[in-house]
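Trainee: The structure that follows is given in the form of structure tokens.
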Amino acid sequence: MLLIRNATIINEGVSYKGNVLIKNDRIDKIYTQEVPEEICNLSQIIEADGFYLIPGVIDDQVHFREPGLTHKGDICSESRAAIAGGVTSYMEMPNTNPQTTTLDEWDKKNEFAHGKSFANYAFYLGATNDNLAELKKADSKNLCGIKIFMGASTGNMLVDNKKALQAIFAEIDMLIATHCEKESIIRNNIQKYTKEFGEDIPIKYHPLIRSAEACYESSAEAIELADRYGARLHVLHLSTAKEMQLFDAKPLSEKKITAEACVHHLWFTDDDYERLGSRIKWNPAIKTERDRNELRKALLENKLDVVASDHAPHTLKEKEGGALKAASGGPLVQHSLQMMLQLASQNVLSKEQVVEKMCHAPAKLFGVKDRGFIREGYFADMVMVNPNKPYTITTDNILYKCGWSPLEGETFSSSIQTTILNGKIAFHNGEVVGEPSGEMLEFRR
């Protein structure tokens, strides 16, 4: 047995002093009073006085690059970084090589992850213009959802056939997650800025190429389709103030259309392109301070339901160039929880809201079975945070295979002390502990 003693437990909207007893891979008992002496005598004890104890983060959007792109990341390396950041479960995207657009390729990804992933895992099945029959077979309790690129992000997975898109929304009876940017608007903007600058468009024009209009028009189209056909829609990485008009401010339990924010859109603004250049080039693009502030406000209003990382590593060589040439995406899964806790320390939102958006809401939204909460009988996926130990990101403590972060030099006021995965210590005091032991996530269907 493992006993976490005298922690400040942050869970389900409240913070309180308590003790958590773990037996095997589950939370056996939560004590708010003194723990019986016989339990203490039989347990390995972690003293947690002065530490926060929260559920493990569930990140619903990562790109771990395996198979086919493993020179910049793989399931082992990136899940190791995730565990160090308090992310105990992740859902990984289908734009690998080969793409995860068949159930055979989806099965292979699960085989890759078994015995290699330091965190619990699930994989999306990707939509194309012509794989509806394959998508309709996808009813596995271990499949997190169907991913549609409604704007070309990476690879060639753009679903731009209107009939195919309508059929997916009409005939798929599980969660559909969308990347929304309207390709025709992006192409027109590229043409406009290419006339002005040639092929070497400065990086600061990236949010004007992949514009707020491109995002809004595509998100509006996805929502219209979901409304028309009664589909279960989850819109990923919202980036604009205007898009917030499309979503309802009501409890998650009352929604069939949900929305995600990513940490980089809540942290950076377009002023940061001058300092960081293509290191903060993502699709959708980081936009204005007003956009960032409206996203933060929408989190508090429950228009935005979850916070994720969209962890997408590239080598620094691949990140070279301007708005057209530099690869889009960056590594964040090791630091996403610390980023959000830093925003909490700045009173952007509360610690309880961080836990809601990063732990509870993903579990509820996707129907993750027995995870995402500190509850008796649930899997013992938990994170201890030291709120009084500053942490500076350097190349020496970055665990991403690509070896860099757009946050290098940033100092957070809190540190990840310990990550517990399925009842076992997986990270402690700066070190990943033991071998990969992540398990396949199970979803309530």
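In the structure tokens, chains take letters A, B, ... by order of appearance, with residues numbered from 1 within each chain and ligands from 1 in the order shown.
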Any idea what's packed within 8 Å of A:Asn11, counting only C-alpha atoms, ignoring anything in its chain fewer than 4 positions away? Could you give it as a count of residues only?
Mentor: 8
Trainee: Find the residues near A:Pro202: any atom within 12 Å, counting only C-alpha atoms, skip ones fewer than 5 places away on the same chain, and give them as number ranges by chain.
Mentor: A: 190, 193-194, 196-197, 207-209, 273-274, 277-278, 281, 320-326
Trainee: Take the selection from the previous step and output its residues with C-alpha atoms, as a PDB file, in the first residue's frame.
Mentor:
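This went into again18.pdb:
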ATOM      1  CA  ILE A 190      -1.085  33.225 -49.060  1.00  0.00           C
ATOM      2  CA  TYR A 193       1.178  38.058 -49.038  1.00  0.00           C
ATOM      3  CA  THR A 194       3.228  36.191 -51.631  1.00  0.00           C
ATOM      4  CA  GLU A 196       4.004  41.424 -51.422  1.00  0.00           C
ATOM      5  CA  PHE A 197       6.934  39.383 -50.051  1.00  0.00           C
ATOM      6  CA  PRO A 207      -1.737  34.808 -37.998  1.00  0.00           C
ATOM      7  CA  LEU A 208      -2.886  36.969 -40.906  1.00  0.00           C
ATOM      8  CA  ILE A 209      -2.496  34.101 -43.369  1.00  0.00           C
ATOM      9  CA  TYR A 273       6.649  36.493 -32.763  1.00  0.00           C
ATOM     10  CA  GLU A 274       9.288  39.235 -32.653  1.00  0.00           C
ATOM     11  CA  GLY A 277       9.838  33.754 -34.258  1.00  0.00           C
ATOM     12  CA  SER A 278       8.826  30.410 -35.727  1.00  0.00           C
ATOM     13  CA  LYS A 281       4.312  28.932 -35.096  1.00  0.00           C
ATOM     14  CA  GLU A 320      13.624  27.429 -39.656  1.00  0.00           C
ATOM     15  CA  GLY A 321      12.092  29.848 -42.123  1.00  0.00           C
ATOM     16  CA  GLY A 322       9.187  32.255 -42.318  1.00  0.00           C
ATOM     17  CA  ALA A 323       5.422  31.984 -42.407  1.00  0.00           C
ATOM     18  CA  LEU A 324       5.369  29.517 -45.311  1.00  0.00           C
ATOM     19  CA  LYS A 325       8.476  27.423 -44.739  1.00  0.00           C
ATOM     20  CA  ALA A 326       8.781  26.820 -40.990  1.00  0.00           C
TER      21      ALA A 326
END
Trainee: Under the rule that only C-alpha atoms are counted, which of A:Asn397, A:Asn422, A:Gln342, A:Gln166 is the nearest residue to A:Asp381?
Mentor: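 Closest to A:Asp381, using only C-alpha atoms: A:Asn422.
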Trainee: Which polymer residues have any atom within 12 Å of an atom of A:Ser219, counting only C-alpha atoms, with same-chain residues fewer than 5 positions away left out, as a VMD selection string?
Mentor: chain A and resid 148 to 151 177 to 182 212 to 214 224 to 226 233 to 240 242 to 247 257 to 259 284
Trainee: Per DSSP on the backbone, filter stretch 87-160 of chain A down to the residues in alpha helix (DSSP H) and report them as a ChimeraX atom specification.
Mentor: /A:103-113,132-136
Trainee: Neighbours of A:Ser437 within 8 Å (only C-alpha atoms; same-chain residues fewer than 6 positions away dropped), as a list in words?
Mentor: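 Neighbouring residues, sequence-local ones excluded: Gly115, Lys116, Ser117, Phe118, Ala119, Asn120 and Leu421 of chain A.
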Trainee: Produce a table with one row for each residue of stretch 321-353 of chain A that has an atom at most 12 Å from any atom of stretch 74-82 of chain A, each row naming the nearest atom pair and its distance in Å at one decimal; use only C-alpha atoms; arrange rows by chain and rising residue number; format as JSON lines.
Mentor:
{"residue": "A:Pro331", "atom": "CA", "partner": "A:Glu78", "partner_atom": "CA", "distance": 9.0}
{"residue": "A:Leu332", "atom": "CA", "partner": "A:Ala82", "partner_atom": "CA", "distance": 8.8}
{"residue": "A:Val333", "atom": "CA", "partner": "A:Ala82", "partner_atom": "CA", "distance": 5.3}
{"residue": "A:Gln334", "atom": "CA", "partner": "A:Ala82", "partner_atom": "CA", "distance": 4.9}
{"residue": "A:His335", "atom": "CA", "partner": "A:Ala82", "partner_atom": "CA", "distance": 8.2}
{"residue": "A:Ser336", "atom": "CA", "partner": "A:Ala82", "partner_atom": "CA", "distance": 9.1}
{"residue": "A:Leu337", "atom": "CA", "partner": "A:Ala82", "partner_atom": "CA", "distance": 9.9}
{"residue": "A:Gln338", "atom": "CA", "partner": "A:Ala82", "partner_atom": "CA", "distance": 11.8}
Trainee: Those residues with C-alpha atoms, as a PDB file, in the first residue's frame please?
Mentor:
ATOM      1  CA  PRO A 331       6.587  20.808 -27.803  1.00  0.00           C
ATOM      2  CA  LEU A 332       4.584  21.646 -24.654  1.00  0.00           C
ATOM      3  CA  VAL A 333       3.332  18.485 -22.912  1.00  0.00           C
ATOM      4  CA  GLN A 334       6.054  18.542 -20.233  1.00  0.00           C
ATOM      5  CA  HIS A 335       5.125  22.069 -19.143  1.00  0.00           C
ATOM      6  CA  SER A 336       1.402  22.537 -19.838  1.00  0.00           C
ATOM      7  CA  LEU A 337       0.304  21.982 -16.232  1.00  0.00           C
ATOM      8  CA  GLN A 338       2.946  24.366 -14.885  1.00  0.00           C
TER       9      GLN A 338
END
Trainee: Using only C-alpha atoms, determine which residues lie at most 12 Å from A:Val368, disregarding the query and same-chain residues fewer than 6 positions distant; provide the list as a list in words.
Mentor: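 These residues fall inside the cut-off: Ile58, Asp59, Asp60, Ser89, Tyr90, Met91, Asn120, Tyr121, Ala122, Lys141, Asn142, Leu143, Cys144, Gly145, Cys359, His360, Ala361, Pro362, Tyr378, Phe379, Met440, Leu441, Glu442, Phe443, Arg444 and Arg445 of chain A.
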Trainee: Contacts of A:Phe427 at 6 Å or less, counting only C-alpha atoms, minus same-chain residues fewer than 3 places along, as a list in words?
Mentor: Ala84, Thr418, Thr419, Glu431, Val432 and Val433 of chain A
Trainee: Just want the 8 Å neighbourhood of A:Lys109, counted on only C-alpha atoms, with same-chain residues fewer than 5 positions away dropped. Output as a ChimeraX atom specification.
Mentor: /A:66-67,123
Trainee: When you count only C-alpha atoms, which of these residues is closest to A:Ile416: A:Met1, A:Ile186, A:Ile83, A:Ile10?
Mentor: A:Ile83
